[in-house]
file work_35.csv (CSV, C-alpha atoms)
chain,number,residue,atom,x,y,z
A,108,MET,CA,0.0,0.0,0.0
A,109,PRO,CA,1.4,3.4,-0.9
A,110,LYS,CA,2.7,5.6,2.0
A,111,TYR,CA,1.7,8.9,0.5
A,112,GLY,CA,-1.3,10.4,-1.2
A,113,PRO,CA,-1.1,12.7,-4.2
A,114,ASP,CA,-1.4,15.9,-2.1
A,115,GLU,CA,0.9,15.0,0.8
A,116,GLN,CA,4.1,16.9,1.2
A,117,GLU,CA,7.5,16.2,2.7
A,118,ASP,CA,8.5,17.7,6.0
A,119,ASP,CA,10.2,20.6,4.4
A,120,GLY,CA,7.0,21.6,2.5
A,121,LYS,CA,8.1,20.4,-1.0
A,122,PRO,CA,5.7,18.0,-2.8
A,123,LYS,CA,6.8,14.4,-3.1
A,124,PRO,CA,7.7,13.0,-6.5
A,125,ALA,CA,5.1,10.9,-8.3
A,126,CYS,CA,4.9,7.2,-7.4
A,127,VAL,CA,7.5,7.5,-4.6
A,128,GLY,CA,5.4,5.4,-2.2
A,129,LEU,CA,5.1,2.5,-4.6
A,130,ARG,CA,8.8,2.8,-5.5
A,131,GLU,CA,9.9,2.5,-1.8
A,132,ASP,CA,7.5,-0.4,-1.2
A,133,LEU,CA,8.8,-2.3,-4.2
A,134,ARG,CA,12.4,-1.6,-3.2
A,135,GLU,CA,11.9,-3.0,0.3
A,136,CYS,CA,10.0,-6.0,-1.0
A,137,LEU,CA,12.8,-6.9,-3.4
A,138,LEU,CA,15.4,-6.4,-0.7
A,139,LYS,CA,13.6,-9.0,1.5
A,140,SER,CA,13.0,-11.5,-1.4
A,141,ASP,CA,15.0,-14.7,-1.9
A,142,CYS,CA,16.2,-13.3,-5.3
A,143,VAL,CA,18.4,-10.7,-3.6
A,144,ARG,CA,19.1,-12.4,-0.3
A,145,LYS,CA,19.9,-16.0,-1.4
A,146,ASN,CA,20.9,-15.6,-5.0
A,147,GLY,CA,23.1,-12.5,-4.4
A,148,LYS,CA,21.6,-10.5,-7.3
A,149,THR,CA,20.8,-6.8,-7.3
A,150,PRO,CA,17.2,-5.6,-7.1
A,151,LYS,CA,17.6,-4.3,-10.7
A,152,GLU,CA,18.6,-7.8,-11.9
A,153,CYS,CA,15.7,-9.3,-10.1
A,154,LEU,CA,13.3,-6.9,-11.8
A,155,ARG,CA,14.6,-7.8,-15.2
A,156,LEU,CA,14.1,-11.6,-14.6
A,157,GLY,CA,10.3,-11.1,-14.8
A,158,ASN,CA,8.4,-14.1,-13.4
A,159,ASP,CA,11.2,-15.7,-11.4
A,160,PRO,CA,9.8,-18.0,-8.7
A,161,SER,CA,12.2,-16.5,-6.1
A,162,ILE,CA,10.3,-13.2,-6.4
A,163,PRO,CA,7.1,-13.2,-4.2
A,164,SER,CA,3.8,-12.4,-5.8
A,165,GLU,CA,3.5,-9.3,-3.6
A,166,CYS,CA,6.6,-7.9,-5.3
A,167,GLN,CA,5.2,-8.8,-8.7
A,168,SER,CA,2.0,-6.9,-8.0
A,169,LEU,CA,4.0,-3.9,-6.6
A,170,ARG,CA,6.1,-4.0,-9.7
A,171,THR,CA,3.0,-3.9,-11.9
A,172,ALA,CA,1.5,-1.1,-9.9
A,173,PHE,CA,4.7,1.0,-10.0
A,174,PHE,CA,5.1,0.6,-13.8
A,175,GLU,CA,1.4,1.5,-14.3
A,176,CYS,CA,1.9,4.6,-12.1
A,177,LYS,CA,4.9,5.7,-14.1
A,178,ARG,CA,3.1,5.0,-17.4
A,179,SER,CA,0.1,7.0,-16.2
A,180,LEU,CA,2.4,10.1,-16.0
A,181,LEU,CA,2.8,10.0,-19.7
A,182,ASP,CA,-0.9,9.1,-20.6
A,183,MET,CA,-2.8,12.3,-21.3
A,184,ARG,CA,-6.1,10.7,-20.3
A,185,GLN,CA,-4.7,9.9,-16.8
A,186,ARG,CA,-3.9,13.6,-16.3
A,187,PHE,CA,-7.6,14.2,-16.0
A,188,ARG,CA,-8.5,11.1,-14.1
A,189,GLY,CA,-5.5,11.1,-11.7
A,190,ARG,CA,-2.5,8.8,-11.2
A,191,ARG,CA,-3.0,5.2,-10.4
A,192,GLY,CA,-1.7,3.7,-7.2
A,193,TYR,CA,-3.4,6.1,-4.7
call {"tool": "encode", "arguments": {"input": "work_35.csv", "output": "structure tokens"}}
result
Amino acid sequence: MPKYGPDEQEDDGKPKPACVGLREDLRECLLKSDCVRKNGKTPKECLRLGNDPSIPSECQSLRTAFFECKRSLLDMRQRFRGRRGY
């Protein structure tokens, strides 16, 4: 679940970048996965593997949500509907 809403701000008053909550959740999930811990790969390498069985389904769903959120930043229809992942 994302940690921030679209209107929340950092402590210093600056707005948070888009999709930052999903990115942090995905990062932590990958760091706890067997792909990184047991196989000794980097999180970036684990993301490129795709449907590797050592990556939990929770990380797979976070990966999909993060990519959809990033893609919605470029989709002009989503600019009116709002970003996904909130």
call {"tool": "atom_distance", "arguments": {"input": "work_35.csv", "atom1": "CA of Cys142 (chain A)", "atom2": "CA of Ala125 (chain A)"}}
result
26.8 Å
call {"tool": "closest_residue", "arguments": {"input": "work_35.csv", "among": "A:Glu165, A:Lys148, A:Phe173, A:Ser140", "to": "Gly128 (chain A)", "atoms": "only C-alpha atoms"}}
result
A:Phe173
call {"tool": "closest_residue", "arguments": {"input": "work_35.csv", "among": "A:Cys176, A:Gly147, A:Arg170, A:Asp159", "to": "Pro124 (chain A)", "atoms": "only C-alpha atoms"}}
result
A:Cys176
call {"tool": "closest_residue", "arguments": {"input": "work_35.csv", "among": "A:Val143, A:Cys126, A:Leu137, A:Leu154", "to": "Leu180 (chain A)", "atoms": "all atoms listed in the file"}}
result
A:Cys126
call {"tool": "atom_distance", "arguments": {"input": "work_35.csv", "atom1": "CA of Gln167 (chain A)", "atom2": "CA of Cys153 (chain A)"}}
result
10.6 Å
call {"tool": "atom_distance", "arguments": {"input": "work_35.csv", "atom1": "CA of Glu175 (chain A)", "atom2": "CA of Pro160 (chain A)"}}
result
22.0 Å
call {"tool": "closest_residue", "arguments": {"input": "work_35.csv", "among": "A:Lys151, A:Val127, A:Cys166, A:Gly157", "to": "Lys139 (chain A)", "atoms": "all atoms listed in the file"}}
result
A:Cys166
call {"tool": "closest_residue", "arguments": {"input": "work_35.csv", "among": "A:Thr149, A:Lys123, A:Asp132, A:Arg184", "to": "Ser168 (chain A)", "atoms": "all atoms listed in the file"}}
result
A:Asp132
call {"tool": "residues_around", "arguments": {"input": "work_35.csv", "residues": "Leu169 (chain A)", "least_positions_apart": "4", "cutoff": "9 Å", "atoms": "only C-alpha atoms", "output": "PyMOL selection string"}}
result
chain A and resi 108+129-130+132-133+136+164-165+173-174
